[in-house]
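Only one structure is covered here, and it is reproduced in the block below.
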Amino acid sequence: MKEETTMPRPRLARLLLSLAATLACGAALADVTVGVSLSTTGPSASLGIPQRNSMPLLPERIGGEAIRYVVLDDASDPTQATKLARRFVTEDKVDIILGSSAVAPSIAIAEVAEESKTVQLAFSPIELRPGRGEWTYRLAQPTGLMAQAVAAAAHKNGVKTIGFIGFADAYGETWLKEFTSAAAANGIRIVDTERYARSDSSVTAQVLRLIAARPDAVLIAGAGTGAALPHTTLRERGWNGPVYHTHGAATKDLIRIGGKAVNGAILPAGPVIVAEQLAAGTPSKAAGLDYVGRYEKQYGTESRTQFGAHAYDAGLVLQRIVPVALKQARPGTPAFRQALKDALEHERDIVVSHGVLNYSAQDHFGFDQRGRVMLTIDNGNWKLLP
């Protein structure tokens, strides 16, 4: 203490100014750290790989700050996803978490996001227990929004009864719940409910029960490559009725594996899948065309997926919320994480390739009807339905 009081005042002033400049420089140079957990191996790899491929399209700098991405594979496993999420918050000191690709690992990450008070932008339409999920926001459309579109399309096509077959996991169960409500509102009765595992190689028994129930149509609640198996089995067993799918099946893998058998399938999807077919003036068209053009330049024509676009959309969201949060706090602090959350809930009309987002404290999905389109498969290509 005595040394401080005997230090010449001009020298002390210069030292304090130097220290202040150093701290200010450190704040300006602080990276925004983003933890990214993707399912690039395991049963959900068909979702995670295009998301990993999309990561180079995300911004490297926002608001003058460098963005550092820590990208890891959770192997489609919720236990591994939990470990990665804990690493993100304890070792990497991330400001925000992106992912995962599939429902189960995304739910696991949500628990860690809640505990650590770290915003999670999930790439799947997860449903969480009441009272949980305060820090989790979705970049995938809510299942209810898509289920309503399927039920309305089926009603328009004269469907009165429908058979359901879906994944025996959170994705399938959420679709069954939401579609049951949407079907009832459209005067459609579910006459048979079947389930199958993502790893199953045969669904013959389930399909035979579906056919025996004599429905007007069948809805398959699968995702990625796993959505093709029930459809091809239905055709192999002589079913010629209409088949509907969920937005999880909106991938070229369905067409590649299903071939001619899936021709005429009807399903909802994010508008990015048919960005070129969207009407002029559609809010998400410009972002969709940008993503499709940049992604397919790297990976080939028709390589786009709506799953990869969720990762691209995360970059668009970051570009809106990071500058706002930087006005409130430094990256790497609890105050900055809170500022990111506040910005998410107060920024309006965040245009992404999948639609327009308006999050709030009550709505952590943010999408409205601009976030969906209805498609059919027409001779191996997606065709936008009116």
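Letters for chains follow the order of the structure tokens (A, B, ...), residue numbers begin at 1 for each chain, and ligand numbers begin at 1 in the order shown.
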Taking the backbone alone, and naming residues the way the document does, which bits of stretch 25-72 of chain A are strand (DSSP E or B) by DSSP, as a PyMOL selection string?
chain A and resi 32-38+61-62+65-72
Dump as a PDB file, in the first residue's frame, selection limited to C-alpha atoms:
ATOM      1  CA  VAL A  32     -17.811 -15.806 -29.267  1.00  0.00           C
ATOM      2  CA  THR A  33     -17.583 -19.557 -28.702  1.00  0.00           C
ATOM      3  CA  VAL A  34     -20.232 -21.849 -30.180  1.00  0.00           C
ATOM      4  CA  GLY A  35     -20.469 -25.518 -29.201  1.00  0.00           C
ATOM      5  CA  VAL A  36     -21.934 -27.698 -31.959  1.00  0.00           C
ATOM      6  CA  SER A  37     -23.084 -31.275 -31.259  1.00  0.00           C
ATOM      7  CA  LEU A  38     -24.039 -33.176 -34.428  1.00  0.00           C
ATOM      8  CA  ARG A  61     -17.057 -12.861 -37.620  1.00  0.00           C
ATOM      9  CA  ILE A  62     -20.127 -11.046 -36.280  1.00  0.00           C
ATOM     10  CA  GLU A  65     -15.925 -10.433 -33.002  1.00  0.00           C
ATOM     11  CA  ALA A  66     -14.455 -13.734 -34.164  1.00  0.00           C
ATOM     12  CA  ILE A  67     -16.811 -16.717 -33.928  1.00  0.00           C
ATOM     13  CA  ARG A  68     -15.148 -19.944 -32.797  1.00  0.00           C
ATOM     14  CA  TYR A  69     -17.039 -23.167 -33.502  1.00  0.00           C
ATOM     15  CA  VAL A  70     -16.292 -26.343 -31.548  1.00  0.00           C
ATOM     16  CA  VAL A  71     -17.890 -29.096 -33.678  1.00  0.00           C
ATOM     17  CA  LEU A  72     -18.160 -32.627 -32.226  1.00  0.00           C
TER      18      LEU A  72
END
For the contact check between stretch 48-133 of chain A and stretch 210-226 of chain A, emit one row per residue of stretch 48-133 of chain A within 12 Å, containing the shortest atom pair and the distance in Å rounded to one decimal, counting only C-alpha atoms, chain then rising number order, as JSON lines.
{"residue": "A:Gly48", "atom": "CA", "partner": "A:Gly224", "partner_atom": "CA", "distance": 10.2}
{"residue": "A:Ile49", "atom": "CA", "partner": "A:Gly224", "partner_atom": "CA", "distance": 11.3}
{"residue": "A:Pro50", "atom": "CA", "partner": "A:Gly224", "partner_atom": "CA", "distance": 11.4}
{"residue": "A:Ser101", "atom": "CA", "partner": "A:Gly224", "partner_atom": "CA", "distance": 11.2}
{"residue": "A:Ala102", "atom": "CA", "partner": "A:Ala223", "partner_atom": "CA", "distance": 9.3}
{"residue": "A:Val103", "atom": "CA", "partner": "A:Ala223", "partner_atom": "CA", "distance": 10.7}
{"residue": "A:Ser124", "atom": "CA", "partner": "A:Ala223", "partner_atom": "CA", "distance": 11.0}
Hey, what's within 12 Å of A:Ile257 if we count only C-alpha atoms and toss same-chain stuff fewer than 4 positions away? As a PyMOL selection string, please? chain A and resi 224-233+249+251-253+261-263+380
Computed gap from atom CA of A:Asn186 to atom CA of A:Arg237 is 28.6 Å
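Our summary of the geometry notes that atom CA of A:Arg86 is positioned 26.0 Å from atom CA of A:Pro323.
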re atom CA of A:Tyr295 and atom CA of A:Ala314: distance 15.0 Å
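Minimum distance to A:Asp342 across A:Ser54, A:Asn157, A:Thr118, A:Thr143 (counting only C-alpha atoms) occurs at A:Thr118.
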I need the helix (DSSP H, G or I) residues of stretch 145-203 of chain A per DSSP on the backbone, written as a ChimeraX atom specification.
/A:145-156,170-185
Of A:Ser202, A:Thr305, A:Thr136, A:Ser284, the one nearest to A:Gln120 when counting only C-alpha atoms is A:Thr136
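Considering only C-alpha atoms, the residue among A:Leu128, A:Val94, A:Ala81, A:Ala183 positioned nearest to A:Ile109 is A:Ala81.
Take the candidates A:Ala343, A:Ile165, A:Leu57, A:Met146 and check each one against A:Lys327 using only C-alpha atoms; the shortest distance goes to A:Ala343.
Among A:Leu316, A:Val352, A:Ile377, A:Ala149, the residue with the shortest atom-to-atom distance to A:Leu58, counting only C-alpha atoms, is A:Leu316.
Closest approach to A:Ala286 from the set A:Gly264, A:Arg337, A:His354, A:Trp382 is made by A:His354, with distances taken over only C-alpha atoms.
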Polymer residues at most 7 Å from A:Ala75, only C-alpha atoms, same-chain spacing of 3 or more positions, as a VMD selection string:
chain A and resid 39 to 42
Could the residues of stretch 240-353 of chain A that have an atom at most 7 Å from stretch 372-376 of chain A be listed as CSV, each with its closest atom pair and the distance in Å to one decimal, counting only C-alpha atoms and ordered by chain and ascending residue number?
residue,atom,partner,partner_atom,distance
A:Gly264,CA,A:Thr376,CA,5.7
A:Ala265,CA,A:Thr376,CA,5.4
A:Ile266,CA,A:Thr376,CA,4.5
A:Leu267,CA,A:Leu375,CA,5.4
A:Pro268,CA,A:Met374,CA,4.4
A:Ala269,CA,A:Val373,CA,5.5
A:Gly270,CA,A:Arg372,CA,4.9
A:Pro271,CA,A:Val373,CA,5.7
Q.
So that I can see what lies close to A:Lys83, please list as a PyMOL selection string the residues with an atom at most 10 Å from it, counting only C-alpha atoms and leaving out residues fewer than 5 positions away in the same chain.
A. chain A and resi 74+78+88+108-109+112
Would you mind exporting the chosen residues as a tab-separated table (two decimals), in the first residue's frame, restricted to N, CA and C atoms?
chain	number	residue	atom	x	y	z
A	74	ASP	N	-21.85	-36.54	-31.68
A	74	ASP	CA	-22.47	-37.22	-30.53
A	74	ASP	C	-22.94	-38.63	-30.88
A	78	PRO	N	-27.85	-40.08	-26.90
A	78	PRO	CA	-28.12	-39.06	-25.88
A	78	PRO	C	-27.10	-39.02	-24.76
A	88	PHE	N	-18.77	-28.69	-23.32
A	88	PHE	CA	-18.92	-27.35	-23.88
A	88	PHE	C	-18.97	-26.29	-22.77
A	108	ALA	N	-31.32	-34.46	-24.53
A	108	ALA	CA	-30.25	-34.61	-23.54
A	108	ALA	C	-29.48	-33.30	-23.38
A	109	ILE	N	-29.19	-32.63	-24.47
A	109	ILE	CA	-28.47	-31.36	-24.42
A	109	ILE	C	-29.31	-30.30	-23.71
A	112	VAL	N	-28.69	-30.01	-20.02
A	112	VAL	CA	-27.46	-29.30	-19.67
A	112	VAL	C	-27.61	-27.80	-19.93
* Asked: Residues at most 12 Å from A:Gln362, counting only C-alpha atoms, excluding those fewer than 2 positions away in the same chain, as a PyMOL selection string?
  -> chain A and resi 131+133-137+344-346+358-360+364-366
